[in-house]
Structures are given as structure tokens and as C-alpha cells.
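Asker: Got start-v3.pdb for you, PDB, C-alpha atoms:
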```
ATOM      1  CA  MET A  11       0.000   0.000   0.000
ATOM      2  CA  GLU A  12       1.099   3.530  -0.743
ATOM      3  CA  ILE A  13       0.182   6.959   0.665
ATOM      4  CA  VAL A  14       0.089   9.787  -1.891
ATOM      5  CA  ARG A  15      -0.899  13.433  -1.801
ATOM      6  CA  TYR A  16      -3.910  14.348  -3.907
ATOM      7  CA  ALA A  17      -1.810  17.305  -5.102
ATOM      8  CA  ASP A  18       0.446  14.809  -6.864
ATOM      9  CA  ARG A  19      -2.393  12.762  -8.397
ATOM     10  CA  ASP A  20      -5.069  14.812 -10.181
ATOM     11  CA  ASP A  21      -6.549  11.596 -11.564
ATOM     12  CA  LEU A  22      -7.524  10.525  -8.054
ATOM     13  CA  LEU A  23      -9.312  13.801  -7.371
ATOM     14  CA  GLU A  24     -11.551  13.111 -10.347
ATOM     15  CA  ILE A  25     -12.754   9.751  -8.986
ATOM     16  CA  ARG A  26     -12.630  10.215  -5.208
ATOM     17  CA  SER A  27     -16.247  11.254  -4.686
ATOM     18  CA  GLU A  28     -17.675   8.292  -6.591
ATOM     19  CA  VAL A  29     -15.313   5.769  -4.973
ATOM     20  CA  LEU A  30     -15.135   7.026  -1.393
ATOM     21  CA  ASN A  31     -18.067   9.302  -0.548
ATOM     22  CA  THR A  32     -20.001   6.735   1.447
ATOM     23  CA  PHE A  33     -20.838   8.959   4.408
ATOM     24  CA  PRO A  34     -24.465   9.186   5.544
ATOM     25  CA  LYS A  35     -26.282  11.974   3.674
ATOM     26  CA  PHE A  36     -26.555  14.199   6.755
ATOM     27  CA  MET A  37     -22.776  14.447   6.862
ATOM     28  CA  ASN A  38     -22.641  15.980   3.375
ATOM     29  CA  HIS A  39     -24.961  18.864   4.277
ATOM     30  CA  ASN A  40     -23.132  21.377   6.411
ATOM     31  CA  ALA A  41     -22.188  25.015   5.986
ATOM     32  CA  MET A  42     -18.458  24.636   6.661
ATOM     33  CA  GLY A  43     -18.072  21.793   4.184
ATOM     34  CA  TRP A  44     -19.797  23.709   1.404
ATOM     35  CA  LYS A  45     -17.830  26.846   2.196
ATOM     36  CA  TYR A  46     -14.329  25.419   2.547
ATOM     37  CA  TRP A  47     -13.939  21.865   1.223
ATOM     38  CA  GLY A  48     -12.692  22.723  -2.278
ATOM     39  CA  ARG A  49      -9.995  25.035  -0.907
ATOM     40  CA  LEU A  50      -8.392  22.307   1.230
ATOM     41  CA  TYR A  51      -6.534  20.907  -1.756
ATOM     42  CA  GLU A  52      -4.898  24.196  -2.732
ATOM     43  CA  LEU A  53      -4.277  25.652   0.741
ATOM     44  CA  PHE A  54      -3.203  22.477   2.557
ATOM     45  CA  PRO A  55      -1.975  19.989  -0.059
ATOM     46  CA  ASP A  56       0.323  18.134   2.355
ATOM     47  CA  PHE A  57      -2.646  17.087   4.474
ATOM     48  CA  GLN A  58      -5.003  15.724   1.775
ATOM     49  CA  LEU A  59      -3.834  12.139   1.469
ATOM     50  CA  ALA A  60      -4.985   9.069  -0.421
ATOM     51  CA  LEU A  61      -4.186   5.424   0.253
ATOM     52  CA  LEU A  62      -3.632   3.227  -2.781
ATOM     53  CA  ASP A  63      -3.456  -0.537  -2.957
ATOM     54  CA  ASP A  64      -1.977  -1.787  -6.197
ATOM     55  CA  GLY A  65      -2.784   1.603  -7.705
ATOM     56  CA  ASP A  66      -6.453   1.504  -6.645
ATOM     57  CA  LEU A  67      -7.851   4.249  -4.428
ATOM     58  CA  ILE A  68      -9.094   2.572  -1.251
ATOM     59  CA  ALA A  69      -9.137   5.336   1.380
ATOM     60  CA  GLU A  70      -8.372   8.975   2.158
ATOM     61  CA  VAL A  71      -7.781  11.388   5.003
ATOM     62  CA  HIS A  72      -8.414  15.127   4.941
ATOM     63  CA  SER A  73      -7.041  17.469   7.569
ATOM     64  CA  LEU A  74      -5.763  20.982   8.161
ATOM     65  CA  PRO A  75      -3.650  22.868  10.699
ATOM     66  CA  VAL A  76      -5.699  24.532  13.437
ATOM     67  CA  HIS A  77      -4.544  26.917  16.127
ATOM     68  CA  VAL A  78      -5.176  25.524  19.600
ATOM     69  CA  ASP A  79      -4.138  27.208  22.821
ATOM     70  CA  ALA A  80      -6.097  26.110  25.873
ATOM     71  CA  GLU A  81      -9.441  25.463  24.154
ATOM     72  CA  LEU A  82      -9.974  22.675  21.654
ATOM     73  CA  PRO A  83     -12.431  23.392  18.853
ATOM     74  CA  GLN A  84     -15.956  22.448  19.918
ATOM     75  CA  GLY A  85     -16.544  20.087  17.003
ATOM     76  CA  TRP A  86     -15.854  19.543  13.351
ATOM     77  CA  ASP A  87     -17.313  22.771  12.044
ATOM     78  CA  GLU A  88     -15.404  24.973  14.491
ATOM     79  CA  ALA A  89     -12.141  23.170  13.720
ATOM     80  CA  PHE A  90     -12.728  23.606   9.991
ATOM     81  CA  GLU A  91     -13.590  27.293  10.287
ATOM     82  CA  ARG A  92     -10.734  28.008  12.682
ATOM     83  CA  GLY A  93      -8.237  26.330  10.376
ATOM     84  CA  MET A  94      -9.461  28.124   7.260
ATOM     85  CA  GLU A  95     -10.034  31.571   8.744
ATOM     86  CA  LEU A  96      -7.462  32.060  11.493
ATOM     87  CA  GLY A  97      -4.398  30.365  10.071
ATOM     88  CA  ASP A  98      -1.323  29.967  12.280
ATOM     89  CA  GLY A  99      -2.204  26.328  13.024
ATOM     90  CA  ASN A 100      -0.131  24.497  15.609
ATOM     91  CA  VAL A 101      -1.957  21.136  15.606
ATOM     92  CA  LEU A 102      -3.398  19.024  12.811
ATOM     93  CA  SER A 103      -7.160  18.520  12.921
ATOM     94  CA  LEU A 104      -8.513  15.481  11.106
ATOM     95  CA  LEU A 105     -11.656  16.388   9.175
ATOM     96  CA  ALA A 106     -12.568  13.143   7.450
ATOM     97  CA  ILE A 107     -11.364   9.634   6.871
ATOM     98  CA  SER A 108     -13.160   7.629   4.249
ATOM     99  CA  VAL A 109     -12.536   3.957   3.496
ATOM    100  CA  ARG A 110     -13.994   2.091   0.543
ATOM    101  CA  PRO A 111     -16.721  -0.218   1.931
ATOM    102  CA  ASP A 112     -15.051  -3.435   0.789
ATOM    103  CA  ARG A 113     -11.832  -2.452   2.627
ATOM    104  CA  ARG A 114     -13.311  -1.573   6.019
ATOM    105  CA  GLY A 115     -12.293  -3.512   9.094
ATOM    106  CA  GLY A 116      -8.702  -4.043   8.021
ATOM    107  CA  ALA A 117      -7.085  -1.232  10.026
ATOM    108  CA  VAL A 118      -6.971   0.989   6.922
ATOM    109  CA  SER A 119      -8.030   4.031   8.951
ATOM    110  CA  VAL A 120      -5.195   3.345  11.391
ATOM    111  CA  ARG A 121      -2.750   3.589   8.498
ATOM    112  CA  LEU A 122      -4.270   6.919   7.449
ATOM    113  CA  ILE A 123      -4.080   8.327  10.967
ATOM    114  CA  GLU A 124      -0.417   7.376  11.087
ATOM    115  CA  ALA A 125       0.178   9.069   7.707
ATOM    116  CA  ALA A 126      -1.525  12.209   9.040
ATOM    117  CA  ARG A 127       0.655  12.078  12.162
ATOM    118  CA  GLN A 128       3.760  11.844   9.984
ATOM    119  CA  ALA A 129       2.602  14.782   7.842
ATOM    120  CA  ALA A 130       1.926  16.803  11.013
ATOM    121  CA  ALA A 131       5.383  16.028  12.400
ATOM    122  CA  ALA A 132       7.035  16.934   9.079
ATOM    123  CA  ALA A 133       5.239  20.300   9.198
ATOM    124  CA  GLY A 134       6.317  20.921  12.799
ATOM    125  CA  LEU A 135       2.800  20.632  14.235
ATOM    126  CA  ALA A 136       2.563  19.668  17.898
ATOM    127  CA  SER A 137      -0.130  16.970  17.749
ATOM    128  CA  VAL A 138      -3.176  15.566  15.986
ATOM    129  CA  ILE A 139      -6.784  16.056  17.101
ATOM    130  CA  ALA A 140     -10.095  14.874  15.677
ATOM    131  CA  ALA A 141     -13.688  15.942  16.113
ATOM    132  CA  VAL A 142     -15.192  12.550  15.354
ATOM    133  CA  ARG A 143     -18.720  12.437  13.981
ATOM    134  CA  PRO A 144     -20.910   9.410  14.763
ATOM    135  CA  THR A 145     -21.352   7.913  11.298
ATOM    136  CA  LEU A 146     -23.790   5.179  12.386
ATOM    137  CA  LYS A 147     -26.077   7.520  14.353
ATOM    138  CA  GLU A 148     -28.547   7.679  11.451
ATOM    139  CA  ARG A 149     -29.448   4.040  12.151
ATOM    140  CA  TYR A 150     -30.833   5.074  15.552
ATOM    141  CA  PRO A 151     -32.914   8.208  14.892
ATOM    142  CA  LEU A 152     -34.944   7.926  18.089
ATOM    143  CA  ILE A 153     -31.910   7.741  20.366
ATOM    144  CA  PRO A 154     -30.680  11.155  21.580
ATOM    145  CA  ILE A 155     -27.070  11.871  20.622
ATOM    146  CA  GLU A 156     -26.107  12.251  24.281
ATOM    147  CA  ARG A 157     -27.183   8.659  24.922
ATOM    148  CA  TYR A 158     -25.787   7.268  21.664
ATOM    149  CA  VAL A 159     -22.240   8.496  22.358
ATOM    150  CA  GLU A 160     -22.284   6.673  25.698
ATOM    151  CA  TRP A 161     -22.950   3.242  24.144
ATOM    152  CA  ARG A 162     -20.039   0.853  24.548
ATOM    153  CA  ARG A 163     -19.201  -2.594  23.290
ATOM    154  CA  GLU A 164     -17.084  -5.309  24.883
ATOM    155  CA  GLY A 165     -13.735  -3.928  25.910
ATOM    156  CA  GLY A 166     -15.252  -0.540  26.695
ATOM    157  CA  TRP A 167     -14.819   1.011  23.215
ATOM    158  CA  ASP A 168     -17.449   3.148  21.560
ATOM    159  CA  CYS A 169     -20.022   1.441  19.351
ATOM    160  CA  ALA A 170     -19.516   3.854  16.459
ATOM    161  CA  PRO A 171     -16.606   2.517  14.395
ATOM    162  CA  GLY A 172     -14.967   5.864  13.667
ATOM    163  CA  ILE A 173     -15.156   6.969  17.275
ATOM    164  CA  ALA A 174     -13.728   3.675  18.517
ATOM    165  CA  VAL A 175     -10.755   3.581  16.128
ATOM    166  CA  ARG A 176      -9.915   7.252  16.230
ATOM    167  CA  GLY A 177     -10.477   7.394  19.973
ATOM    168  CA  ARG A 178      -7.694   4.870  20.432
ATOM    169  CA  ARG A 179      -5.346   6.358  17.859
ATOM    170  CA  VAL A 180      -5.596  10.137  18.027
ATOM    171  CA  ALA A 181      -3.904  11.962  20.871
ATOM    172  CA  ARG A 182      -6.989  13.963  21.873
ATOM    173  CA  SER A 183     -10.536  14.104  20.599
ATOM    174  CA  CYS A 184     -13.001  16.956  20.799
ATOM    175  CA  GLY A 185     -16.075  16.346  22.914
ATOM    176  CA  SER A 186     -19.334  15.395  21.269
ATOM    177  CA  ARG A 187     -22.012  18.053  21.148
ATOM    178  CA  PRO A 188     -25.332  17.640  19.335
ATOM    179  CA  GLY A 189     -25.277  19.274  15.932
ATOM    180  CA  ARG A 190     -21.550  19.945  16.109
ATOM    181  CA  CYS A 191     -19.664  16.680  15.679
TER     182      CYS A 191
END
```
Please express the file's structure as C-alpha cells.
Answerer:
Amino acid sequence: MEIVRYADRDDLLEIRSEVLNTFPKFMNHNAMGWKYWGRLYELFPDFQLALLDDGDLIAEVHSLPVHVDAELPQGWDEAFERGMELGDGNVLSLLAISVRPDRRGGAVSVRLIEAARQAAAAAGLASVIAAVRPTLKERYPLIPIERYVEWRREGGWDCAPGIAVRGRRVARSCGSRPGRC
């Protein structure tokens, strides 16, 4: 497997949304995403990474530097806005990791988190954070988000796959707040 920057592979940019955009619909409808997503590739090319297996696109991670003093961003949208508007980032904030459905469960996201950590270190950033959104929440529409994020499986890890994996791998994670993560 090979990690590449999207900046070095325009051909991957052309196919990424059809191959990897498997997020629940609610995650594609947010003001910060519409406002900033396209600019990530030009402003922060070192942090838009793709994972290839035998030349096939199987996963990606998107992130940007965010300035953090004492207060972590209160969710994904604040991290995105802070990184795009304030500049002067000192930590790397993961925005999204997407894995092709047939490749899930094989620690692919762990490899992407490690690649993001390496990119952060190469850029002199202090750490990596993630405001993790509960991707399986749509399956439980009657359960309040406050209750959903407390669900655990054997071993004490979160039930939501992204929260469980990233919770173990990322140095710090922003707290979950309804409508924000």
C-alpha cells in the first residue's frame, strides 16, 4: 500500500467522490463543508492524502492545521472554520477519513491516521486532534445523541466505528455536542 498526496495525483481527485463518498447523507450537508472543502486541496496539499493498494484508491484522510491554545475546537465545524479563517495552526485537525466499503475492518483508517501524524510532524505541528462524527447515528434516529455516544461494546470502546478507532489512535478528541460533531 502507498500513501500519496492528492496534489500529486489529479486523476484521483476526479474519482474520489464516486469511490469514497459513502458517508451518511446528513454528513454531506453542512455550511463549513460547502464553504471550505474545495480550498483544502490548494491551501493544505500536504494534508489531503490518499491510500492506494496496487494503484487503486481505497481510502483517504483530509485534515488541516488549526490553532489551539487552551481550548480545543468544539466540534468539526469549528475546527474547519478556525483552520481556514485564522491560520497559524499548531496542531493538525482530522476532518474526514473515508474507506472504501469493501476495505473496512482491516485497520486501513489506522494507516491513514499514522500518515496524518507523519505529515503533522514533518510540518512541525505539535499533535493531531479529531472531532469525530458518529457515522452510524442515522441508524438510531430515536436515540438522543447524548445517549448514543455513551454506548459501549465489549472492551469498553465506543459502538460507532470511527469513534472507537480514532479514539484509540488520536492523541486527543473533541467532545461530542449535538449538531456539532
Asker: What is the atom CA of A:Tyr51-atom CA of A:His72 distance in Å, reported with one decimal?
Answerer: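 Between atom CA of A:Tyr51 and atom CA of A:His72 the gap works out to 9.0 Å.
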Asker: Name all residues at most 6 Å from stretch 58-71 of chain A (count all atoms listed in the file; drop same-chain ones fewer than 6 positions away) and give them as a VMD selection string.
Answerer: chain A and resid 11 to 16 106 to 110
Asker: Report, in Å to a single decimal, how far apart atom CA of A:Ala126 and atom CA of A:Phe57 are.
Answerer: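 One can read the atom CA of A:Phe57 to atom CA of A:Ala126 distance as 6.8 Å.
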Asker: Might you spell out which residues the PyMOL selection byres ((chain A and resi 95-98) around 12) would select in the displayed file, as a list in words?
Answerer: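 On this input, the PyMOL selection byres ((chain A and resi 95-98) around 12) captures Met42, Lys45, Tyr46, Arg49, Leu53, Phe54, Leu74, Pro75, Val76, His77, Val78, Asp79, Asp87, Glu88, Ala89, Phe90, Glu91, Arg92, Gly93, Met94, Gly99, Asn100, Val101, Leu102, Gly134 and Leu135 of chain A.
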Asker: Using Å and a single decimal, report how far atom CA of A:Asp20 sits from atom CA of A:Arg113.
Answerer: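 Atom-to-atom, atom CA of A:Arg113 to atom CA of A:Asp20, that is 22.5 Å.
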Asker: Using only C-alpha atoms, can you tell me which of A:Glu148, A:Asp21, A:Asp56, A:Ala141 comes closest to A:Gln128?
Answerer: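 Checking each of A:Glu148, A:Asp21, A:Asp56, A:Ala141 against A:Gln128, counting only C-alpha atoms, the winner is A:Asp56.
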Asker: Have stretch 124-144 of chain A completed to N, CA and C atoms, please, and pass it along as a compact mmCIF listing (two decimals), in the coordinates of the input.
Answerer:
```txt
# COMPACT_ATOMS: atom_id res chain seq x y z
N GLU A 124 -1.88 7.34 10.97
CA GLU A 124 -0.42 7.38 11.09
C GLU A 124 0.20 8.27 10.01
N ALA A 125 -0.32 8.20 8.79
CA ALA A 125 0.18 9.07 7.71
C ALA A 125 -0.06 10.53 8.05
N ALA A 126 -1.24 10.83 8.63
CA ALA A 126 -1.52 12.21 9.04
C ALA A 126 -0.58 12.65 10.16
N ARG A 127 -0.30 11.76 11.09
CA ARG A 127 0.66 12.08 12.16
C ARG A 127 2.04 12.40 11.58
N GLN A 128 2.45 11.61 10.61
CA GLN A 128 3.76 11.84 9.98
C GLN A 128 3.78 13.18 9.25
N ALA A 129 2.68 13.50 8.54
CA ALA A 129 2.60 14.78 7.84
C ALA A 129 2.62 15.94 8.84
N ALA A 130 1.94 15.77 9.97
CA ALA A 130 1.93 16.80 11.01
C ALA A 130 3.33 17.01 11.57
N ALA A 131 4.02 15.92 11.86
CA ALA A 131 5.38 16.03 12.40
C ALA A 131 6.32 16.70 11.39
N ALA A 132 6.19 16.34 10.12
CA ALA A 132 7.04 16.93 9.08
C ALA A 132 6.79 18.44 8.96
N ALA A 133 5.57 18.88 9.26
CA ALA A 133 5.24 20.30 9.20
C ALA A 133 5.52 21.03 10.51
N GLY A 134 6.01 20.30 11.51
CA GLY A 134 6.32 20.92 12.80
C GLY A 134 5.10 21.16 13.68
N LEU A 135 4.00 20.47 13.42
CA LEU A 135 2.80 20.63 14.24
C LEU A 135 2.91 19.78 15.50
N ALA A 136 2.36 20.28 16.58
CA ALA A 136 2.56 19.67 17.90
C ALA A 136 1.84 18.34 18.09
N SER A 137 0.65 18.19 17.52
CA SER A 137 -0.13 16.97 17.75
C SER A 137 -1.23 16.85 16.71
N VAL A 138 -2.04 15.82 16.86
CA VAL A 138 -3.18 15.57 15.99
C VAL A 138 -4.43 15.46 16.85
N ILE A 139 -5.50 16.14 16.42
CA ILE A 139 -6.78 16.06 17.10
C ILE A 139 -7.84 15.65 16.08
N ALA A 140 -8.99 15.22 16.57
CA ALA A 140 -10.10 14.87 15.68
C ALA A 140 -11.43 15.12 16.36
N ALA A 141 -12.30 15.82 15.68
CA ALA A 141 -13.69 15.94 16.11
C ALA A 141 -14.43 14.84 15.36
N VAL A 142 -14.67 13.74 16.02
CA VAL A 142 -15.19 12.55 15.35
C VAL A 142 -16.72 12.59 15.33
N ARG A 143 -17.26 12.44 14.13
CA ARG A 143 -18.72 12.44 13.98
C ARG A 143 -19.24 11.00 13.99
N PRO A 144 -20.36 10.77 14.63
CA PRO A 144 -20.91 9.41 14.76
C PRO A 144 -21.60 8.93 13.48
```
